[in-house]
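Here's coords_7.cif, which has mmCIF, N, CA and C atoms:
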```cif
data_coords
#
loop_
_atom_site.label_atom_id
_atom_site.label_comp_id
_atom_site.auth_asym_id
_atom_site.auth_seq_id
_atom_site.Cartn_x
_atom_site.Cartn_y
_atom_site.Cartn_z
N MET A 17 -3.35 -12.11 4.13
CA MET A 17 -2.64 -10.88 3.92
C MET A 17 -3.61 -9.72 4.10
N ARG A 18 -3.17 -8.73 4.81
CA ARG A 18 -3.99 -7.54 5.05
C ARG A 18 -3.28 -6.33 4.48
N ILE A 19 -3.96 -5.58 3.65
CA ILE A 19 -3.40 -4.38 3.05
C ILE A 19 -4.11 -3.18 3.68
N GLU A 20 -3.31 -2.26 4.19
CA GLU A 20 -3.85 -1.06 4.82
C GLU A 20 -3.56 0.15 3.96
N LEU A 21 -4.45 1.12 3.99
CA LEU A 21 -4.20 2.42 3.38
C LEU A 21 -3.86 3.36 4.52
N VAL A 22 -2.67 3.92 4.48
CA VAL A 22 -2.16 4.75 5.56
C VAL A 22 -1.82 6.13 5.01
N HIS A 23 -2.16 7.17 5.77
CA HIS A 23 -1.79 8.53 5.39
C HIS A 23 -0.61 8.96 6.25
N GLU A 24 0.53 9.21 5.60
CA GLU A 24 1.76 9.63 6.28
C GLU A 24 2.15 10.99 5.73
N PRO A 25 1.72 12.09 6.33
CA PRO A 25 2.04 13.42 5.81
C PRO A 25 3.53 13.67 5.63
N SER A 26 4.36 13.03 6.42
CA SER A 26 5.81 13.23 6.32
C SER A 26 6.43 12.46 5.15
N ALA A 27 5.63 11.72 4.39
CA ALA A 27 6.15 10.91 3.29
C ALA A 27 6.40 11.72 2.02
N GLY A 28 6.24 13.02 2.07
CA GLY A 28 6.52 13.87 0.91
C GLY A 28 5.39 13.89 -0.09
N PRO A 29 5.73 13.87 -1.40
CA PRO A 29 4.71 14.02 -2.44
C PRO A 29 3.80 12.81 -2.62
N ARG A 30 4.10 11.72 -1.95
CA ARG A 30 3.27 10.51 -2.03
C ARG A 30 2.88 10.07 -0.62
N PRO A 31 1.99 10.84 0.02
CA PRO A 31 1.69 10.58 1.43
C PRO A 31 0.70 9.45 1.70
N PHE A 32 0.07 8.90 0.65
CA PHE A 32 -0.88 7.80 0.86
C PHE A 32 -0.18 6.49 0.53
N LEU A 33 -0.07 5.62 1.53
CA LEU A 33 0.69 4.39 1.37
C LEU A 33 -0.22 3.17 1.44
N LEU A 34 -0.01 2.25 0.51
CA LEU A 34 -0.58 0.92 0.65
C LEU A 34 0.48 0.11 1.35
N ARG A 35 0.12 -0.52 2.45
CA ARG A 35 1.11 -1.19 3.28
C ARG A 35 0.64 -2.60 3.62
N ALA A 36 1.57 -3.56 3.50
CA ALA A 36 1.27 -4.95 3.86
C ALA A 36 2.45 -5.52 4.63
N ARG A 37 2.17 -6.27 5.66
CA ARG A 37 3.22 -6.96 6.42
C ARG A 37 3.21 -8.42 5.99
N LEU A 38 4.35 -8.88 5.48
CA LEU A 38 4.46 -10.24 4.96
C LEU A 38 5.77 -10.86 5.39
N ALA A 39 5.71 -12.10 5.79
CA ALA A 39 6.91 -12.87 6.11
C ALA A 39 7.88 -12.09 7.00
N GLY A 40 7.34 -11.40 7.98
CA GLY A 40 8.19 -10.65 8.90
C GLY A 40 8.72 -9.35 8.35
N GLY A 41 8.28 -8.96 7.16
CA GLY A 41 8.74 -7.72 6.55
C GLY A 41 7.59 -6.79 6.22
N LEU A 42 7.92 -5.62 5.73
CA LEU A 42 6.94 -4.62 5.37
C LEU A 42 7.10 -4.26 3.91
N VAL A 43 6.01 -4.27 3.18
CA VAL A 43 6.00 -3.86 1.77
C VAL A 43 5.04 -2.69 1.67
N GLN A 44 5.49 -1.60 1.05
CA GLN A 44 4.59 -0.47 0.89
C GLN A 44 4.90 0.27 -0.40
N GLU A 45 3.88 0.96 -0.90
CA GLU A 45 4.01 1.76 -2.10
C GLU A 45 3.25 3.06 -1.87
N GLY A 46 3.84 4.17 -2.29
CA GLY A 46 3.25 5.47 -2.05
C GLY A 46 2.50 6.01 -3.26
N PHE A 47 1.47 6.81 -2.97
CA PHE A 47 0.63 7.43 -3.99
C PHE A 47 0.34 8.87 -3.62
N ALA A 48 0.11 9.71 -4.63
CA ALA A 48 -0.14 11.13 -4.39
C ALA A 48 -1.52 11.39 -3.81
N THR A 49 -2.50 10.57 -4.18
CA THR A 49 -3.86 10.80 -3.69
C THR A 49 -4.46 9.51 -3.13
N ARG A 50 -5.43 9.68 -2.27
CA ARG A 50 -6.16 8.53 -1.71
C ARG A 50 -6.84 7.75 -2.82
N GLU A 51 -7.41 8.46 -3.78
CA GLU A 51 -8.11 7.81 -4.89
C GLU A 51 -7.17 6.93 -5.70
N ALA A 52 -5.96 7.42 -5.96
CA ALA A 52 -4.97 6.63 -6.72
C ALA A 52 -4.58 5.38 -5.94
N ALA A 53 -4.42 5.51 -4.63
CA ALA A 53 -4.06 4.36 -3.81
C ALA A 53 -5.17 3.32 -3.81
N GLU A 54 -6.40 3.76 -3.67
CA GLU A 54 -7.53 2.83 -3.67
C GLU A 54 -7.65 2.13 -5.03
N ALA A 55 -7.42 2.87 -6.11
CA ALA A 55 -7.50 2.28 -7.45
C ALA A 55 -6.41 1.23 -7.67
N ALA A 56 -5.26 1.42 -7.03
CA ALA A 56 -4.12 0.51 -7.21
C ALA A 56 -4.17 -0.69 -6.27
N ARG A 57 -5.05 -0.68 -5.30
CA ARG A 57 -5.09 -1.75 -4.30
C ARG A 57 -5.22 -3.15 -4.91
N PRO A 58 -6.12 -3.40 -5.88
CA PRO A 58 -6.21 -4.76 -6.44
C PRO A 58 -4.91 -5.22 -7.11
N ALA A 59 -4.27 -4.35 -7.87
CA ALA A 59 -3.01 -4.72 -8.53
C ALA A 59 -1.90 -4.94 -7.51
N PHE A 60 -1.88 -4.14 -6.45
CA PHE A 60 -0.90 -4.30 -5.37
C PHE A 60 -1.07 -5.66 -4.71
N ALA A 61 -2.30 -6.03 -4.41
CA ALA A 61 -2.58 -7.32 -3.78
C ALA A 61 -2.18 -8.48 -4.69
N THR A 62 -2.49 -8.37 -5.97
CA THR A 62 -2.13 -9.43 -6.92
C THR A 62 -0.62 -9.58 -7.01
N ALA A 63 0.09 -8.49 -7.09
CA ALA A 63 1.55 -8.54 -7.18
C ALA A 63 2.16 -9.17 -5.93
N LEU A 64 1.64 -8.84 -4.76
CA LEU A 64 2.15 -9.44 -3.53
C LEU A 64 1.87 -10.93 -3.46
N ARG A 65 0.67 -11.32 -3.87
CA ARG A 65 0.35 -12.76 -3.86
C ARG A 65 1.28 -13.53 -4.78
N GLN A 66 1.57 -12.97 -5.96
CA GLN A 66 2.47 -13.64 -6.89
C GLN A 66 3.91 -13.67 -6.36
N ALA A 67 4.34 -12.59 -5.77
CA ALA A 67 5.72 -12.51 -5.28
C ALA A 67 5.97 -13.40 -4.07
N PHE A 68 4.94 -13.56 -3.23
CA PHE A 68 5.14 -14.29 -1.98
C PHE A 68 4.34 -15.60 -1.92
N ALA A 69 4.00 -16.13 -3.07
CA ALA A 69 3.24 -17.39 -3.11
C ALA A 69 4.10 -18.57 -2.72
#
```

Using structure tokens, write down the structure from this file.
Amino acid sequence: MRIELVHEPSAGPRPFLLRARLAGGLVQEGFATREAAEAARPAFATALRQAFA
């Protein structure tokens, strides 16, 4: 699984997205700052591993 940090200015108040492609689908979560997204990356990865194990 590969998690990317993407900046999407058009995403509104949460333009920093953690994005993962899994099982032919896309899972993403938005954050207000790059720092918040980076801090959430480990929990995001753990949640995806548990959900798609």

Chain and number of each residue from the PyMOL selection byres ((chain A and resi 33-49) around 6), as number ranges by chain: A: 18-24, 29-32, 50-53

Could you find all residues in chain A that DSSP calls helix (DSSP H, G or I) from the backbone, and write them as a ChimeraX atom specification? /A:25-27,50-67

How many Å separate CA of Ser26 (chain A) from atom C of Ala59 (chain A)? 24.1 Å

Grab the atom C of Arg57 (chain A) to atom C of Met17 (chain A) distance for me, in Å with one decimal place.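 Computing the Euclidean distance for atom C of Arg57 (chain A) and atom C of Met17 (chain A) yields 11.3 Å.
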
Taking the DSSP assignment computed from this structure's backbone, write out as a PyMOL selection string all residues of chain A that belong to strand (DSSP E or B). chain A and resi 19-23+32-38+41-47

Point-to-point distance in Å for atom C of Ala27 (chain A) and atom N of Ala56 (chain A): 18.0 Å
